[in-house]
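Here is protein22.txt, consisting of compact mmCIF, C-alpha atoms:
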```txt
# COMPACT_ATOMS: atom_id res chain seq x y z
CA MET B 1 -7.96 -13.12 -1.77
CA LEU B 2 -6.80 -12.75 1.79
CA LYS B 3 -9.25 -11.85 4.50
CA HIS B 4 -9.25 -11.05 8.19
CA SER B 5 -7.47 -13.73 10.28
CA ASP B 6 -5.74 -15.36 7.30
CA ALA B 7 -2.02 -15.96 7.43
CA ALA B 8 -0.21 -13.24 5.51
CA ALA B 9 1.66 -14.30 2.39
CA ASP B 10 5.42 -14.21 2.81
CA ALA B 11 7.98 -13.74 0.08
CA ARG B 12 11.48 -12.48 -0.54
CA VAL B 13 11.15 -8.86 -1.61
CA LEU B 14 13.38 -6.18 -3.11
CA LEU B 15 13.62 -2.89 -1.24
CA SER B 16 14.27 0.44 -2.89
CA ASP B 17 17.80 0.52 -1.44
CA GLY B 18 18.57 -2.60 -3.48
CA SER B 19 18.57 -5.02 -0.55
CA GLU B 20 16.44 -8.16 -0.40
CA VAL B 21 14.58 -9.30 2.70
CA LEU B 22 11.84 -11.68 3.65
CA LEU B 23 8.61 -9.76 4.02
CA SER B 24 8.05 -11.52 7.34
CA GLU B 25 11.23 -9.88 8.65
CA LEU B 26 9.42 -6.56 8.29
CA TRP B 27 6.51 -7.54 10.53
CA LYS B 28 8.62 -9.43 13.07
CA GLU B 29 9.13 -6.39 15.29
CA ASP B 30 6.21 -4.15 14.35
CA ASN B 31 2.77 -4.52 12.90
CA ILE B 32 2.76 -3.31 9.32
CA ALA B 33 0.37 -1.54 6.99
CA LEU B 34 1.29 -2.93 3.59
CA VAL B 35 0.10 -0.42 1.01
CA PHE B 36 0.06 -1.58 -2.59
CA LEU B 37 0.21 1.37 -4.97
CA ARG B 38 -1.11 1.56 -8.51
CA HIS B 39 2.02 3.34 -9.56
CA PHE B 40 4.84 5.50 -8.27
CA GLY B 41 3.63 9.05 -8.71
CA MET O 1 0.11 9.52 4.46
CA HIS O 2 3.60 10.68 5.46
CA ARG O 3 1.95 13.35 7.62
CA GLU O 4 0.42 10.59 9.77
CA LYS O 5 3.66 8.62 10.23
CA GLY O 6 4.00 9.62 13.88
CA GLN O 7 0.49 8.38 14.63
CA PHE O 8 1.17 5.05 12.90
CA ASP O 9 4.42 4.78 14.87
CA SER O 10 2.57 5.40 18.13
CA LEU O 11 0.35 2.42 17.28
CA GLY O 12 3.41 0.23 16.71
CA THR O 13 2.61 0.06 13.01
CA LYS O 14 5.08 0.63 10.20
CA VAL O 15 3.78 1.73 6.83
CA ILE O 16 5.43 -0.10 3.93
CA LEU O 17 4.71 0.83 0.33
CA VAL O 18 4.74 -1.60 -2.58
CA GLY O 19 5.09 -0.44 -6.16
CA MET O 20 5.68 -2.01 -9.55
CA GLY O 21 8.75 0.02 -10.42
CA THR O 22 12.47 -0.41 -10.04
CA PRO O 23 14.53 0.75 -7.04
CA LYS O 24 15.60 3.82 -8.99
CA GLN O 25 11.98 4.74 -9.73
CA ALA O 26 11.02 4.07 -6.12
CA GLU O 27 13.75 6.33 -4.78
CA SER O 28 12.72 9.06 -7.20
CA PHE O 29 9.13 8.71 -5.95
CA ARG O 30 10.30 8.82 -2.33
CA SER O 31 12.32 11.92 -2.99
CA SER O 32 9.49 13.70 -4.84
CA TYR O 33 7.01 13.18 -2.00
CA ASN O 34 9.48 13.18 0.90
CA LEU O 35 8.24 9.76 2.00
CA PRO O 36 9.63 8.33 5.25
CA PHE O 37 8.57 4.74 4.52
CA LYS O 38 10.26 1.60 3.27
CA ILE O 39 9.35 0.89 -0.35
CA ILE O 40 9.17 -2.60 -1.83
CA CYS O 41 9.89 -2.81 -5.56
CA ASP O 42 7.85 -5.45 -7.33
CA PRO O 43 8.35 -4.90 -11.08
CA HIS O 44 7.12 -8.40 -11.93
CA LYS O 45 4.08 -8.06 -9.63
CA SER O 46 4.88 -11.25 -7.73
CA LEU O 47 3.67 -9.75 -4.47
CA TYR O 48 0.57 -8.23 -6.10
CA LYS O 49 -0.30 -11.73 -7.29
CA ALA O 50 0.53 -13.36 -3.94
CA TYR O 51 -1.92 -11.01 -2.23
CA GLY O 52 -4.54 -11.48 -4.93
CA LEU O 53 -4.93 -7.84 -5.89
CA LEU O 54 -7.51 -7.17 -8.56
CA LYS O 55 -7.19 -5.84 -12.09
CA ALA O 56 -9.27 -2.96 -13.41
CA GLY O 57 -11.57 -3.11 -16.37
CA ILE O 58 -12.13 -0.01 -18.50
CA THR O 59 -15.14 1.09 -16.40
CA ASP O 60 -12.99 0.88 -13.27
CA ILE O 61 -10.58 3.41 -14.80
CA VAL O 62 -12.98 5.70 -16.68
CA SER O 63 -16.17 6.44 -14.76
CA PRO O 64 -17.90 9.45 -13.16
CA LYS O 65 -16.78 8.28 -9.71
CA VAL O 66 -13.16 8.07 -10.83
CA PHE O 67 -13.40 11.44 -12.57
CA ILE O 68 -14.77 13.14 -9.43
CA SER O 69 -12.15 11.46 -7.26
CA GLY O 70 -9.46 12.71 -9.62
CA LEU O 71 -10.78 16.24 -9.38
CA ARG O 72 -10.76 16.04 -5.59
CA ALA O 73 -7.15 14.84 -5.63
CA LEU O 74 -6.18 17.71 -7.92
CA GLY O 75 -7.97 20.09 -5.56
CA LYS O 76 -5.75 18.83 -2.75
CA GLY O 77 -2.70 19.59 -4.83
CA HIS O 78 -1.93 16.04 -5.91
CA ILE O 79 -0.66 16.04 -9.47
CA PRO O 80 -0.50 12.46 -10.69
CA GLY O 81 2.75 11.34 -12.26
CA VAL O 82 3.29 9.13 -15.24
CA PRO O 83 2.15 5.59 -14.37
CA VAL O 84 4.89 2.99 -14.16
CA GLY O 85 3.94 -0.62 -14.76
CA ASP O 86 0.53 -2.12 -15.41
CA VAL O 87 -2.07 0.67 -15.50
CA SER O 88 -4.86 -1.85 -14.97
CA GLN O 89 -3.41 -3.01 -11.66
CA LEU O 90 -5.54 -1.99 -8.70
CA SER O 91 -4.25 -1.17 -5.24
CA GLY O 92 -4.92 -2.60 -1.82
CA VAL O 93 -3.97 -2.33 1.84
CA PHE O 94 -3.30 -5.01 4.44
CA ILE O 95 -2.62 -4.55 8.11
CA ILE O 96 -0.56 -7.49 9.35
CA ASP O 97 0.37 -8.14 12.95
CA LYS O 98 3.59 -9.52 14.38
CA ASP O 99 2.14 -13.04 14.37
CA SER O 100 1.79 -12.94 10.56
CA VAL O 101 -1.99 -12.59 10.76
CA VAL O 102 -3.96 -10.34 8.40
CA ARG O 103 -5.98 -8.04 10.63
CA TYR O 104 -7.42 -5.85 7.88
CA ALA O 105 -7.66 -6.28 4.11
CA HIS O 106 -8.90 -3.81 1.54
CA TYR O 107 -9.01 -4.71 -2.15
CA SER O 108 -9.64 -1.73 -4.39
CA ARG O 109 -12.58 -2.26 -6.75
CA ASP O 110 -11.71 0.68 -9.00
CA ILE O 111 -8.90 3.19 -9.16
CA ALA O 112 -10.73 5.66 -6.87
CA ASP O 113 -11.38 3.04 -4.20
CA TYR O 114 -8.75 3.21 -1.48
CA PRO O 115 -8.85 3.98 2.23
CA SER O 116 -7.53 7.32 3.40
CA ALA O 117 -4.67 7.57 5.88
CA VAL O 118 -7.20 8.61 8.54
CA GLU O 119 -9.32 5.52 7.87
CA LEU O 120 -6.24 3.30 8.14
CA LEU O 121 -5.25 4.96 11.38
CA GLN O 122 -8.73 4.32 12.76
CA GLU O 123 -8.45 0.66 11.77
CA ALA O 124 -4.98 0.31 13.29
CA SER O 125 -6.16 2.00 16.46
CA ARG O 126 -9.23 -0.25 16.67
CA ILE O 127 -7.09 -3.36 16.15
CA PHE O 128 -4.07 -2.60 18.26
CA THR O 129 -5.40 -0.56 21.15
CA LYS O 130 -8.50 -2.58 21.92
CA GLY O 131 -7.15 -6.07 21.28
CA ALA O 132 -9.70 -6.72 18.53
```

Represent the structure of the file as structure tokens.
Amino acid sequence: MLKHSDAAADARVLLSDGSEVLLSELWKEDNIALVFLRHFG
Amino acid sequence: MHREKGQFDSLGTKVILVGMGTPKQAESFRSSYNLPFKIICDPHKSLYKAYGLLKAGITDIVSPKVFISGLRALGKGHIPGVPVGDVSQLSGVFIIDKDSVVRYAHYSRDIADYPSAVELLQEASRIFTKGA
């Protein structure tokens, strides 16, 4: 489990538009709130 | 949470959603709720595992607390859809800064345990406007 001050886990991820990016690319320019959902809906 | 997007933006914080479905399911979800956020599709739960999110037991899914939370959600007009993916998977939220550092981590302990958008805004404000 990650906690405050830990390094965030990075990974290549699939976006809903079909593109793939490194997660770290998403926090390079802005802080992010990464919200894991239980399900879509 | 989409109603608070402007406030998250003003704190220099982008909201990114992660779900277990496919891109098609994610886009349908976005369309249904008019969501202005990027959505990561993680059908194999690789990212859920990388972040160590917890799994629910039966009492984390069926309990008085969960029942009451569900009623409250219904009262606010939220009609839950059909779950996609692993119904025992619990949620979580992480605020990560531009230096790749986790500044806030919340691991849901049952399906009714998640921070509200207002609570997340308060955390983001505390972190990013006071240099915490």

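For chain B, the residues no farther than 6 Å from chain O when using all atoms listed in the file are B:Met1, B:Lys3, B:His4, B:Ser5, B:Asp6, B:Ala7, B:Ala8, B:Leu14, B:Leu15, B:Ser16, B:Trp27, B:Lys28, B:Asp30, B:Asn31, B:Ile32, B:Ala33, B:Leu34, B:Val35, B:Phe36, B:Leu37, B:Arg38, B:His39, B:Phe40, B:Gly41.
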
Requested in this report: Could you jot down the CA of Gly57 in chain O to CA of Asp110 in chain O separation for me, Å, one decimal place?
Outcome: 8.3 Å

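We find CA of Glu4 in chain O and CA of Pro36 in chain O to be spaced 10.5 Å apart.
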
Report summary line: What separates CA of Ile68 in chain O and CA of Leu2 in chain B is a distance of 29.3 Å

Completed range 6-37 of chain B (N, CA and C atoms) as a CSV table (one decimal), in the coordinates of the input:
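Printed below is part14.csv as written:
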```
chain,number,residue,atom,x,y,z
B,6,ASP,N,-6.6,-14.5,8.1
B,6,ASP,CA,-5.7,-15.4,7.3
B,6,ASP,C,-4.3,-15.1,7.6
B,7,ALA,N,-3.5,-16.1,7.3
B,7,ALA,CA,-2.0,-16.0,7.4
B,7,ALA,C,-1.6,-15.1,6.3
B,8,ALA,N,-0.7,-14.1,6.6
B,8,ALA,CA,-0.2,-13.2,5.5
B,8,ALA,C,0.8,-14.0,4.6
B,9,ALA,N,0.7,-13.7,3.3
B,9,ALA,CA,1.7,-14.3,2.4
B,9,ALA,C,3.1,-13.7,2.6
B,10,ASP,N,4.0,-14.6,2.6
B,10,ASP,CA,5.4,-14.2,2.8
B,10,ASP,C,6.2,-14.4,1.5
B,11,ALA,N,7.2,-13.6,1.3
B,11,ALA,CA,8.0,-13.7,0.1
B,11,ALA,C,9.3,-13.0,0.3
B,12,ARG,N,10.3,-13.3,-0.5
B,12,ARG,CA,11.5,-12.5,-0.5
B,12,ARG,C,11.2,-11.3,-1.4
B,13,VAL,N,11.5,-10.1,-0.9
B,13,VAL,CA,11.2,-8.9,-1.6
B,13,VAL,C,12.4,-8.0,-1.8
B,14,LEU,N,12.3,-7.1,-2.8
B,14,LEU,CA,13.4,-6.2,-3.1
B,14,LEU,C,13.0,-4.8,-2.6
B,15,LEU,N,13.9,-4.2,-1.8
B,15,LEU,CA,13.6,-2.9,-1.2
B,15,LEU,C,14.3,-1.8,-2.2
B,16,SER,N,13.8,-0.6,-2.0
B,16,SER,CA,14.3,0.4,-2.9
B,16,SER,C,15.8,0.8,-2.7
B,17,ASP,N,16.4,0.3,-1.6
B,17,ASP,CA,17.8,0.5,-1.4
B,17,ASP,C,18.6,-0.6,-2.1
B,18,GLY,N,17.9,-1.5,-2.8
B,18,GLY,CA,18.6,-2.6,-3.5
B,18,GLY,C,18.7,-3.9,-2.7
B,19,SER,N,18.4,-3.8,-1.4
B,19,SER,CA,18.6,-5.0,-0.6
B,19,SER,C,17.3,-5.9,-0.7
B,20,GLU,N,17.5,-7.2,-0.4
B,20,GLU,CA,16.4,-8.2,-0.4
B,20,GLU,C,16.2,-8.7,1.0
B,21,VAL,N,14.9,-8.8,1.4
B,21,VAL,CA,14.6,-9.3,2.7
B,21,VAL,C,13.3,-10.2,2.6
B,22,LEU,N,13.1,-11.0,3.6
B,22,LEU,CA,11.8,-11.7,3.6
B,22,LEU,C,10.8,-10.7,4.2
B,23,LEU,N,9.7,-10.7,3.6
B,23,LEU,CA,8.6,-9.8,4.0
B,23,LEU,C,8.3,-10.0,5.5
B,24,SER,N,8.4,-11.2,5.9
B,24,SER,CA,8.0,-11.5,7.3
B,24,SER,C,9.1,-10.9,8.3
B,25,GLU,N,10.3,-10.6,7.8
B,25,GLU,CA,11.2,-9.9,8.6
B,25,GLU,C,10.7,-8.5,9.0
B,26,LEU,N,9.9,-7.9,8.1
B,26,LEU,CA,9.4,-6.6,8.3
B,26,LEU,C,8.3,-6.5,9.3
B,27,TRP,N,7.6,-7.6,9.5
B,27,TRP,CA,6.5,-7.5,10.5
B,27,TRP,C,6.9,-8.3,11.8
B,28,LYS,N,8.2,-8.7,11.9
B,28,LYS,CA,8.6,-9.4,13.1
B,28,LYS,C,8.6,-8.5,14.3
B,29,GLU,N,9.0,-7.3,14.1
B,29,GLU,CA,9.1,-6.4,15.3
B,29,GLU,C,8.0,-5.4,15.4
B,30,ASP,N,7.3,-5.1,14.3
B,30,ASP,CA,6.2,-4.2,14.4
B,30,ASP,C,5.1,-4.7,13.5
B,31,ASN,N,3.9,-4.3,13.8
B,31,ASN,CA,2.8,-4.5,12.9
B,31,ASN,C,3.1,-3.7,11.7
B,32,ILE,N,2.5,-4.1,10.5
B,32,ILE,CA,2.8,-3.3,9.3
B,32,ILE,C,1.4,-3.0,8.6
B,33,ALA,N,1.4,-1.9,7.9
B,33,ALA,CA,0.4,-1.5,7.0
B,33,ALA,C,1.0,-1.6,5.6
B,34,LEU,N,0.7,-2.7,4.9
B,34,LEU,CA,1.3,-2.9,3.6
B,34,LEU,C,0.4,-2.3,2.5
B,35,VAL,N,0.9,-1.2,1.9
B,35,VAL,CA,0.1,-0.4,1.0
B,35,VAL,C,0.6,-0.7,-0.4
B,36,PHE,N,-0.3,-1.4,-1.2
B,36,PHE,CA,0.1,-1.6,-2.6
B,36,PHE,C,-0.4,-0.4,-3.4
B,37,LEU,N,0.5,0.2,-4.1
B,37,LEU,CA,0.2,1.4,-5.0
B,37,LEU,C,-0.1,0.9,-6.4
```
